[in-house]
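Q: Provided below: run.cif, containing mmCIF, C-alpha atoms.
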data_structure
#
loop_
_atom_site.group_PDB
_atom_site.id
_atom_site.type_symbol
_atom_site.label_atom_id
_atom_site.label_comp_id
_atom_site.auth_asym_id
_atom_site.auth_seq_id
_atom_site.Cartn_x
_atom_site.Cartn_y
_atom_site.Cartn_z
ATOM 1 C CA MET A 1 49.379 81.402 -5.165
ATOM 2 C CA PHE A 2 50.858 79.255 -2.394
ATOM 3 C CA ASP A 3 53.590 76.891 -3.557
ATOM 4 C CA PHE A 4 52.188 73.567 -2.406
ATOM 5 C CA SER A 5 54.889 71.663 -4.313
ATOM 6 C CA LYS A 6 57.630 73.216 -2.195
ATOM 7 C CA PHE A 7 55.612 72.480 0.941
ATOM 8 C CA LEU A 8 55.123 68.821 -0.034
ATOM 9 C CA ASN A 9 58.782 68.374 -0.920
ATOM 10 C CA GLU A 10 59.851 69.763 2.456
ATOM 11 C CA MET A 11 57.614 67.261 4.232
ATOM 12 C CA ALA A 12 58.859 64.375 2.107
ATOM 13 C CA ALA A 13 62.496 65.338 2.727
ATOM 14 C CA ALA A 14 61.915 65.441 6.473
ATOM 15 C CA ALA A 15 60.286 62.003 6.401
ATOM 16 C CA ASP A 16 63.026 60.501 4.262
ATOM 17 C CA SER A 17 65.804 61.882 6.469
ATOM 18 C CA ALA A 18 64.180 60.412 9.583
ATOM 19 C CA TYR A 19 63.609 57.101 7.803
ATOM 20 C CA ARG A 20 67.218 56.790 6.679
ATOM 21 C CA PHE A 21 68.466 57.578 10.184
ATOM 22 C CA ALA A 22 66.153 54.998 11.749
ATOM 23 C CA MET A 23 67.152 52.293 9.291
ATOM 24 C CA SER A 24 70.872 52.869 9.765
ATOM 25 C CA HIS A 25 71.021 53.605 13.509
ATOM 26 C CA MET A 26 68.226 51.543 15.094
ATOM 27 C CA THR A 27 67.627 47.838 15.502
ATOM 28 C CA ALA A 28 64.459 46.132 14.302
ATOM 29 C CA GLU A 29 63.393 45.819 17.937
ATOM 30 C CA GLU A 30 63.829 49.566 18.511
ATOM 31 C CA ARG A 31 61.966 50.521 15.352
ATOM 32 C CA SER A 32 59.043 48.198 16.067
ATOM 33 C CA ARG A 33 58.614 49.029 19.764
ATOM 34 C CA ASP A 34 54.949 49.597 20.649
ATOM 35 C CA ILE A 35 54.507 53.092 22.118
ATOM 36 C CA GLY A 36 50.707 53.202 22.462
ATOM 37 C CA LEU A 37 47.737 53.927 20.233
ATOM 38 C CA GLY A 38 47.792 56.288 17.278
ATOM 39 C CA GLY A 39 45.118 58.691 16.100
ATOM 40 C CA ASP A 40 43.360 55.842 14.288
ATOM 41 C CA GLY A 41 43.081 53.777 17.466
ATOM 42 C CA THR A 42 45.588 51.140 16.326
ATOM 43 C CA PRO A 43 48.993 50.427 17.905
ATOM 44 C CA THR A 44 51.787 52.839 17.019
ATOM 45 C CA MET A 45 55.360 51.682 16.521
ATOM 46 C CA PHE A 46 58.281 53.878 17.496
ATOM 47 C CA LEU A 47 59.178 54.224 13.807
ATOM 48 C CA ASP A 48 55.760 55.761 13.058
ATOM 49 C CA ARG A 49 56.210 58.521 15.614
ATOM 50 C CA PHE A 50 59.882 59.042 14.834
ATOM 51 C CA ILE A 51 59.098 59.806 11.173
ATOM 52 C CA GLU A 52 55.907 61.750 11.858
ATOM 53 C CA GLU A 53 57.447 64.302 14.244
ATOM 54 C CA PRO A 54 59.753 66.107 11.772
ATOM 55 C CA VAL A 55 56.943 66.144 9.188
ATOM 56 C CA LEU A 56 54.626 67.805 11.703
ATOM 57 C CA GLU A 57 57.314 70.401 12.393
ATOM 58 C CA VAL A 58 57.254 71.362 8.706
ATOM 59 C CA ILE A 59 53.452 71.597 8.672
ATOM 60 C CA ASN A 60 53.449 73.616 11.895
ATOM 61 C CA ARG A 61 55.523 76.328 10.214
ATOM 62 C CA TYR A 62 52.816 76.755 7.569
ATOM 63 C CA GLY A 63 49.885 76.692 10.000
ATOM 64 C CA SER A 64 47.773 74.120 8.145
ATOM 65 C CA ASN A 65 45.329 71.683 9.675
ATOM 66 C CA VAL A 66 46.585 68.106 9.920
ATOM 67 C CA LEU A 67 44.983 64.694 9.585
ATOM 68 C CA SER A 68 47.579 62.024 10.270
ATOM 69 C CA GLU A 69 47.509 58.323 11.016
ATOM 70 C CA GLU A 70 49.415 58.799 14.255
ATOM 71 C CA VAL A 71 48.628 62.226 15.725
ATOM 72 C CA GLY A 72 45.068 62.269 14.408
ATOM 73 C CA TRP A 73 43.289 65.582 13.756
ATOM 74 C CA ILE A 74 44.841 68.988 14.473
ATOM 75 C CA ASP A 75 42.481 71.873 13.751
ATOM 76 C CA ARG A 76 44.206 75.228 13.287
ATOM 77 C CA GLY A 77 41.252 76.890 11.620
ATOM 78 C CA SER A 78 43.010 76.864 8.261
ATOM 79 C CA ALA A 79 41.347 76.520 4.869
ATOM 80 C CA VAL A 80 44.065 73.971 4.051
ATOM 81 C CA THR A 81 44.317 70.486 5.541
ATOM 82 C CA ILE A 82 47.298 68.214 5.023
ATOM 83 C CA VAL A 83 46.331 64.535 5.042
ATOM 84 C CA ILE A 84 49.466 62.508 5.724
ATOM 85 C CA ASP A 85 50.651 58.995 6.257
ATOM 86 C CA PRO A 86 54.230 59.573 7.433
ATOM 87 C CA VAL A 87 55.216 55.940 6.891
ATOM 88 C CA ASP A 88 52.909 53.574 5.054
ATOM 89 C CA GLY A 89 54.199 50.032 5.418
ATOM 90 C CA THR A 90 55.646 50.455 8.897
ATOM 91 C CA ALA A 91 55.733 46.715 9.529
ATOM 92 C CA ASN A 92 57.979 46.296 6.490
ATOM 93 C CA SER A 93 60.549 48.884 7.472
ATOM 94 C CA ALA A 94 60.414 48.072 11.164
ATOM 95 C CA ALA A 95 61.507 44.544 10.219
ATOM 96 C CA GLY A 96 64.116 45.762 7.751
ATOM 97 C CA VAL A 97 62.136 45.227 4.536
ATOM 98 C CA PRO A 98 62.715 48.449 2.552
ATOM 99 C CA ILE A 99 59.213 48.853 1.128
ATOM 100 C CA SER A 100 57.434 51.794 2.742
ATOM 101 C CA ALA A 101 56.200 55.188 1.677
ATOM 102 C CA PHE A 102 55.485 58.746 2.699
ATOM 103 C CA ALA A 103 52.201 60.201 1.464
ATOM 104 C CA ALA A 104 50.745 63.700 1.723
ATOM 105 C CA ALA A 105 47.681 65.290 0.170
ATOM 106 C CA VAL A 106 46.786 68.987 0.215
ATOM 107 C CA VAL A 107 43.029 69.283 0.740
ATOM 108 C CA VAL A 108 41.137 72.519 0.110
ATOM 109 C CA ASP A 109 37.326 72.636 0.376
ATOM 110 C CA ASN A 110 37.186 68.843 0.700
ATOM 111 C CA GLU A 111 39.111 68.281 -2.524
ATOM 112 C CA VAL A 112 42.687 67.119 -3.013
ATOM 113 C CA VAL A 113 44.437 69.805 -5.053
ATOM 114 C CA GLU A 114 47.970 68.398 -4.972
ATOM 115 C CA SER A 115 49.699 65.327 -3.606
ATOM 116 C CA LEU A 116 53.073 63.669 -3.279
ATOM 117 C CA CYS A 117 54.047 60.092 -2.476
ATOM 118 C CA THR A 118 57.628 58.910 -2.087
ATOM 119 C CA TRP A 119 59.227 55.511 -1.637
ATOM 120 C CA LEU A 120 61.225 56.056 1.538
ATOM 121 C CA GLY A 121 64.954 55.490 1.214
ATOM 122 C CA SER A 122 64.828 55.686 -2.582
ATOM 123 C CA SER A 123 64.515 58.194 -5.405
ATOM 124 C CA TYR A 124 61.013 57.033 -6.399
ATOM 125 C CA ALA A 125 58.403 59.797 -6.165
ATOM 126 C CA TRP A 126 54.913 60.365 -7.561
ATOM 127 C CA HIS A 127 53.390 63.835 -7.759
ATOM 128 C CA ALA A 128 50.079 65.155 -9.053
ATOM 129 C CA ASN A 129 48.376 68.523 -9.272
ATOM 130 C CA ARG A 130 44.653 68.751 -9.919
ATOM 131 C CA ASP A 131 45.125 71.407 -12.605
ATOM 132 C CA GLN A 132 48.288 70.222 -14.336
ATOM 133 C CA PRO A 133 49.107 67.357 -16.728
ATOM 134 C CA THR A 134 51.109 64.390 -15.470
ATOM 135 C CA ALA A 135 53.736 62.187 -17.076
ATOM 136 C CA ASN A 136 52.234 59.060 -15.496
ATOM 137 C CA THR A 137 49.964 56.792 -17.530
ATOM 138 C CA THR A 138 48.170 53.629 -16.474
ATOM 139 C CA THR A 139 48.185 50.489 -18.603
ATOM 140 C CA GLY A 140 44.632 51.152 -19.732
ATOM 141 C CA ARG A 141 43.587 47.556 -19.024
ATOM 142 C CA THR A 142 39.825 47.167 -18.779
ATOM 143 C CA THR A 143 39.397 43.557 -17.603
ATOM 144 C CA ILE A 144 40.896 41.405 -14.875
ATOM 145 C CA SER A 145 41.783 38.646 -17.351
ATOM 146 C CA GLY A 146 45.544 38.921 -17.871
ATOM 147 C CA CYS A 147 45.758 41.480 -15.096
ATOM 148 C CA ALA A 148 48.821 42.168 -12.933
ATOM 149 C CA LEU A 149 47.133 42.640 -9.565
ATOM 150 C CA SER A 150 48.545 43.769 -6.239
ATOM 151 C CA MET A 151 46.541 43.152 -3.050
ATOM 152 C CA LEU A 152 46.671 43.450 0.698
ATOM 153 C CA ARG A 153 47.554 40.165 2.332
ATOM 154 C CA PRO A 154 44.648 37.731 2.712
ATOM 155 C CA ARG A 155 42.840 37.497 6.033
ATOM 156 C CA PRO A 156 40.243 34.951 7.173
ATOM 157 C CA THR A 157 37.432 37.395 6.368
ATOM 158 C CA THR A 158 38.811 38.263 2.918
ATOM 159 C CA TRP A 159 40.146 34.887 1.812
ATOM 160 C CA SER A 160 37.202 34.131 -0.480
ATOM 161 C CA ALA A 161 37.489 37.454 -2.347
ATOM 162 C CA TRP A 162 41.293 37.343 -2.336
ATOM 163 C CA SER A 163 41.433 33.881 -3.865
ATOM 164 C CA SER A 164 38.696 34.661 -6.401
ATOM 165 C CA LEU A 165 40.642 37.690 -7.615
ATOM 166 C CA ALA A 166 43.919 35.758 -7.641
ATOM 167 C CA LEU A 167 42.374 33.036 -9.820
ATOM 168 C CA GLU A 168 41.112 35.605 -12.333
ATOM 169 C CA ALA A 169 44.352 37.625 -12.528
ATOM 170 C CA ASP A 170 47.488 36.662 -14.408
ATOM 171 C CA ARG A 171 49.938 37.738 -11.692
ATOM 172 C CA VAL A 172 49.526 38.651 -7.999
ATOM 173 C CA ARG A 173 51.825 40.604 -5.683
ATOM 174 C CA VAL A 174 51.666 41.507 -1.990
ATOM 175 C CA LEU A 175 54.120 44.297 -1.117
ATOM 176 C CA GLY A 176 52.699 45.573 2.165
ATOM 177 C CA SER A 177 52.414 49.279 1.265
ATOM 178 C CA SER A 178 49.098 50.531 -0.089
ATOM 179 C CA VAL A 179 50.638 53.846 -1.139
ATOM 180 C CA ILE A 180 53.402 52.292 -3.223
ATOM 181 C CA GLU A 181 51.076 49.704 -4.725
ATOM 182 C CA GLY A 182 48.495 52.358 -5.582
ATOM 183 C CA CYS A 183 51.105 54.595 -7.202
ATOM 184 C CA MET A 184 52.390 51.669 -9.259
ATOM 185 C CA VAL A 185 48.979 51.629 -10.926
ATOM 186 C CA ALA A 186 49.630 55.208 -12.042
ATOM 187 C CA ASP A 187 53.046 54.133 -13.358
ATOM 188 C CA GLY A 188 51.598 51.264 -15.362
ATOM 189 C CA ALA A 189 53.758 48.825 -13.402
ATOM 190 C CA VAL A 190 50.635 46.963 -12.265
ATOM 191 C CA ASP A 191 47.096 47.084 -13.582
ATOM 192 C CA ALA A 192 45.340 47.301 -10.229
ATOM 193 C CA PHE A 193 45.691 47.221 -6.456
ATOM 194 C CA CYS A 194 42.987 46.546 -3.893
ATOM 195 C CA ASP A 195 41.934 45.726 -0.387
ATOM 196 C CA PRO A 196 39.735 42.668 -1.114
ATOM 197 C CA GLY A 197 36.900 43.664 1.200
ATOM 198 C CA GLY A 198 38.685 43.978 4.529
ATOM 199 C CA ASP A 199 37.843 47.641 5.197
ATOM 200 C CA ILE A 200 41.486 48.304 6.041
ATOM 201 C CA HIS A 201 42.004 51.619 4.252
ATOM 202 C CA ARG A 202 41.658 54.953 6.006
ATOM 203 C CA ILE A 203 41.590 58.249 4.128
ATOM 204 C CA VAL A 204 45.318 58.703 4.904
ATOM 205 C CA ASP A 205 45.970 55.549 2.849
ATOM 206 C CA ILE A 206 43.891 56.760 -0.091
ATOM 207 C CA ALA A 207 43.929 60.547 -0.483
ATOM 208 C CA ALA A 208 47.386 61.198 -1.953
ATOM 209 C CA ALA A 209 47.540 58.173 -4.253
ATOM 210 C CA GLN A 210 43.961 58.714 -5.453
ATOM 211 C CA LEU A 211 44.805 62.003 -7.169
ATOM 212 C CA ILE A 212 47.970 60.503 -8.666
ATOM 213 C CA VAL A 213 46.097 57.516 -10.120
ATOM 214 C CA GLU A 214 43.174 59.548 -11.413
ATOM 215 C CA ARG A 215 45.410 62.125 -13.102
ATOM 216 C CA ALA A 216 47.182 59.204 -14.809
ATOM 217 C CA GLY A 217 43.874 58.068 -16.299
ATOM 218 C CA GLY A 218 42.921 55.483 -13.692
ATOM 219 C CA ALA A 219 40.101 55.165 -11.192
ATOM 220 C CA VAL A 220 39.953 54.806 -7.405
ATOM 221 C CA ILE A 221 36.757 53.549 -5.790
ATOM 222 C CA ASP A 222 35.558 51.772 -2.685
ATOM 223 C CA SER A 223 34.631 48.161 -3.373
ATOM 224 C CA ARG A 224 31.234 48.694 -1.750
ATOM 225 C CA GLY A 225 30.522 51.999 -3.478
ATOM 226 C CA ARG A 226 30.891 54.181 -0.402
ATOM 227 C CA PRO A 227 32.127 57.745 -1.040
ATOM 228 C CA PHE A 228 35.487 58.735 0.381
ATOM 229 C CA SER A 229 35.344 61.399 3.079
ATOM 230 C CA PHE A 230 37.783 63.896 4.576
ATOM 231 C CA GLU A 231 35.928 64.020 7.867
ATOM 232 C CA PRO A 232 38.531 64.111 10.665
ATOM 233 C CA ASP A 233 37.535 60.649 11.856
ATOM 234 C CA LEU A 234 40.138 57.941 11.379
ATOM 235 C CA ALA A 235 37.629 55.301 12.438
ATOM 236 C CA LEU A 236 36.141 55.608 8.937
ATOM 237 C CA ARG A 237 37.325 52.719 6.756
ATOM 238 C CA TRP A 238 37.101 51.637 3.140
ATOM 239 C CA SER A 239 38.240 48.840 0.848
ATOM 240 C CA GLY A 240 40.007 50.832 -1.830
ATOM 241 C CA VAL A 241 40.336 49.672 -5.424
ATOM 242 C CA PHE A 242 42.989 51.451 -7.521
ATOM 243 C CA ALA A 243 42.774 50.458 -11.171
ATOM 244 C CA ALA A 244 44.026 51.414 -14.617
ATOM 245 C CA THR A 245 40.475 52.153 -15.776
ATOM 246 C CA ARG A 246 36.997 52.610 -14.318
ATOM 247 C CA GLU A 247 35.903 49.384 -16.050
ATOM 248 C CA LEU A 248 38.614 47.355 -14.328
ATOM 249 C CA ALA A 249 37.912 48.980 -10.951
ATOM 250 C CA GLU A 250 34.214 48.116 -11.210
ATOM 251 C CA GLU A 251 34.950 44.517 -12.241
ATOM 252 C CA ILE A 252 37.272 43.999 -9.271
ATOM 253 C CA ALA A 253 34.763 45.601 -6.893
ATOM 254 C CA GLY A 254 32.038 43.330 -8.289
ATOM 255 C CA ILE A 255 34.117 40.202 -7.627
ATOM 256 C CA ILE A 256 34.799 41.377 -4.069
ATOM 257 C CA ARG A 257 31.090 41.983 -3.416
ATOM 258 C CA TRP A 258 30.057 38.691 -5.002
ATOM 259 C CA SER A 259 32.649 36.724 -3.024
ATOM 260 C CA THR A 260 31.649 38.403 0.231
ATOM 261 C CA THR A 261 27.954 37.709 -0.366
ATOM 262 C CA THR A 262 28.633 34.086 -1.370
ATOM 263 C CA ARG A 263 30.750 33.477 1.718
ATOM 264 C CA ALA A 264 28.083 34.942 3.972
#
Represent the structure contained in this file as C-alpha cells.
A:
Amino acid sequence: MFDFSKFLNEMAAAADSAYRFAMSHMTAEERSRDIGLGGDGTPTMFLDRFIEEPVLEVINRYGSNVLSEEVGWIDRGSAVTIVIDPVDGTANSAAGVPISAFAAAVVVDNEVVESLCTWLGSSYAWHANRDQPTANTTTGRTTISGCALSMLRPRPTTWSAWSSLALEADRVRVLGSSVIEGCMVADGAVDAFCDPGGDIHRIVDIAAAQLIVERAGGAVIDSRGRPFSFEPDLALRWSGVFAATRELAEEIAGIIRWSTTTRA
C-alpha cells in the first residue's frame, strides 16, 4: 500500500519551507506582484507560484496527476490525482498577515482517500484518512442560534445573506483562509464556516478540508445543493458550507438561499 501520509507530509514541508523563505526574505510588494493568470483564470501573485513550484517537484517524483489552483490540470495518466491549494489566503500572507494554509487531497476514483492541511509558518496541521479514526471532533452544534460562525468577507452580491447569518449567529469571524476556517470546524474552534452565496469556492478550496471535517463528525455541502466534482475544470464554483453537523449545515444553506431569493 502506498504511503500517502509520507507523500502529503513531503508536500507540506516543501510548501512551508518556501513560505517561510518568502516571508523573511521578500517585501510585501515582491510577494504580491501580479505574474499573470493561474489555472483558475484569476490573477496569480508571485507568492502563489513561488510556493507551488517546490510542491509540484515533490508530486512530479511520484508521477501523480495534479489539479492545482495555479498550474491547473496536469494529466499523467495516473490513477491518483493530487488536488492542491499551495497557499490558501495568499492576500493575507502577501500583505504580511500570517493566516494562510497549504491543502492537499489524494483522490482515487473520484473520492478523497487522505488529506492534509497545514497552517503555513506554524505547527498547526489537520490530517484525515478515509479509513482511519481521527482525534478531531466538531462541537456538535445543530442550530445557528448561539453559533460561532466564520465567513468569507461580504460582497455586494452576498451582503443580504452575510448580514442575515451574522444576525442569527452569536459570534462572527473573517480570517481570509477557507482552508483554515474549514479545519477549525473539525477542531471545534468554530461551529461553522461558509461562503454566503458568492460561488467563490473551487474544488481546491474544498477537497482536503471536506474529508477532515466529515471524519470529525461534521458536514460539508454546497449552499445550493450542487454536488462537488473533481472534474479538471477550475471554472467550476461552489458556495461551501462547513458545519459541525448536517442539521447546522442545512440551516445555514437555507438562510443563504432565502436571503438570495429575497434580494432578487
Q: Is there a way to get, as a list of chain:residue names, all residues within 8 Å of the point (56.4, 47.0, 12.0) in file coordinates, counting only C-alpha atoms?
A: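 The requested residues, written out, are A:Arg31, A:Ser32, A:Met45, A:Leu47, A:Gly89, A:Thr90, A:Ala91, A:Asn92, A:Ser93, A:Ala94, A:Ala95.
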Q: Save the residues we just selected, C-alpha atoms, as a PDB file, keeping the file's coordinate frame?
A:
ATOM      1  CA  ARG A  31      61.966  50.521  15.352  1.00  0.00           C
ATOM      2  CA  SER A  32      59.043  48.198  16.067  1.00  0.00           C
ATOM      3  CA  MET A  45      55.360  51.682  16.521  1.00  0.00           C
ATOM      4  CA  LEU A  47      59.178  54.224  13.807  1.00  0.00           C
ATOM      5  CA  GLY A  89      54.199  50.032   5.418  1.00  0.00           C
ATOM      6  CA  THR A  90      55.646  50.455   8.897  1.00  0.00           C
ATOM      7  CA  ALA A  91      55.733  46.715   9.529  1.00  0.00           C
ATOM      8  CA  ASN A  92      57.979  46.296   6.490  1.00  0.00           C
ATOM      9  CA  SER A  93      60.549  48.884   7.472  1.00  0.00           C
ATOM     10  CA  ALA A  94      60.414  48.072  11.164  1.00  0.00           C
ATOM     11  CA  ALA A  95      61.507  44.544  10.219  1.00  0.00           C
TER      12      ALA A  95
END
Q: Determine the residue membership of the PyMOL selection byres ((chain A and resi 252) around 8) for the file above and supply it as a list of chain:residue names.
A: A:Ile144, A:Leu165, A:Ser223, A:Val241, A:Leu248, A:Ala249, A:Glu250, A:Glu251, A:Ala253, A:Gly254, A:Ile255, A:Ile256
Q: Counting only C-alpha atoms, what is within 12 Å of Cys147 in chain A, bar same-chain residues fewer than 6 positions away, as a PyMOL selection string?
A: chain A and resi 139-141+165-173+185+188-193+243-245+248-249+251-252
Q: Grab the CA of Asn65 in chain A to CA of Asp222 in chain A distance for me, in Å with one decimal place.
A: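 Computing the Euclidean distance for CA of Asn65 in chain A and CA of Asp222 in chain A yields 25.4 Å.
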Q: Can you translate the PyMOL selection byres ((chain A and resi 16-29) around 10) into the concrete residues it hits in this file, as a PyMOL selection string?
A: chain A and resi 10-15+30-34+46-48+50-55+86-87+91+93-98+100-102+118-122
Q: Under the PyMOL selection byres ((chain A and resi 203-211) around 7), which residues of this model are included? Write them out as a list in words.
A: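 With the PyMOL selection byres ((chain A and resi 203-211) around 7) on this model, the match is Ser68, Glu69, Val83, Ile84, Asp85, Ala103, Ala104, Ala105, Val112, Ser115, Leu116, Cys117, Ala128, Ser178, Val179, Gly182, Cys183, His201, Arg202, Ile212, Val213, Glu214, Arg215, Val220 and Phe230 of chain A.
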Q: Please measure the separation of CA of Val107 in chain A and CA of Pro232 in chain A, giving the value in Å to one decimal.
A: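 Between CA of Val107 in chain A and CA of Pro232 in chain A the gap works out to 12.1 Å.
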Q: In Å, with one decimal, what is the gap from CA of Ser164 in chain A to CA of Ile180 in chain A?
A: 23.2 Å
Q: Restricting the calculation to all atoms listed in the file, which member of A:Met184, A:Gly197, A:Ser163, A:Gly36 is positioned closest to Asn136 in chain A?
A: A:Met184
Q: If we count only C-alpha atoms, what is near Arg49 in chain A at a cut-off of 9 Å, once residues fewer than 6 positions away on the same chain are taken out, given as a compact mmCIF listing (two decimals) with C-alpha atoms, in the coordinates of the input?
A:
# COMPACT_ATOMS: atom_id res chain seq x y z
CA ILE A 35 54.51 53.09 22.12
CA GLY A 38 47.79 56.29 17.28
CA GLU A 70 49.42 58.80 14.26
CA VAL A 71 48.63 62.23 15.72
CA PRO A 86 54.23 59.57 7.43
Q: For Ala186 in chain A, which of A:Val113, A:Ala135, A:Ala235, A:Ile74 is the closest residue, counting all atoms listed in the file?
A: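 Of A:Val113, A:Ala135, A:Ala235, A:Ile74, the one nearest Ala186 in chain A, counting all atoms listed in the file, is A:Ala135.
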Q: When distances are computed from all atoms listed in the file, which of A:Trp126, A:Trp73, A:Trp162, A:Trp238 shows the smallest separation from Ser5 in chain A?
A: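 Checking each candidate against Ser5 in chain A, we get A:Trp126 as the closest.
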Q: Determine the nearest neighbour of Met151 in chain A from the options A:Cys194, A:Leu37, A:Ile82, A:Ala216, counting all atoms listed in the file.
A: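 Of A:Cys194, A:Leu37, A:Ile82, A:Ala216, the one nearest Met151 in chain A is A:Cys194, counting all atoms listed in the file.
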Q: I need the residue nearest Glu181 in chain A from this list: A:Arg130, A:Thr260, A:Glu231, A:Asp88. Use only C-alpha atoms for the distance.
A: A:Asp88
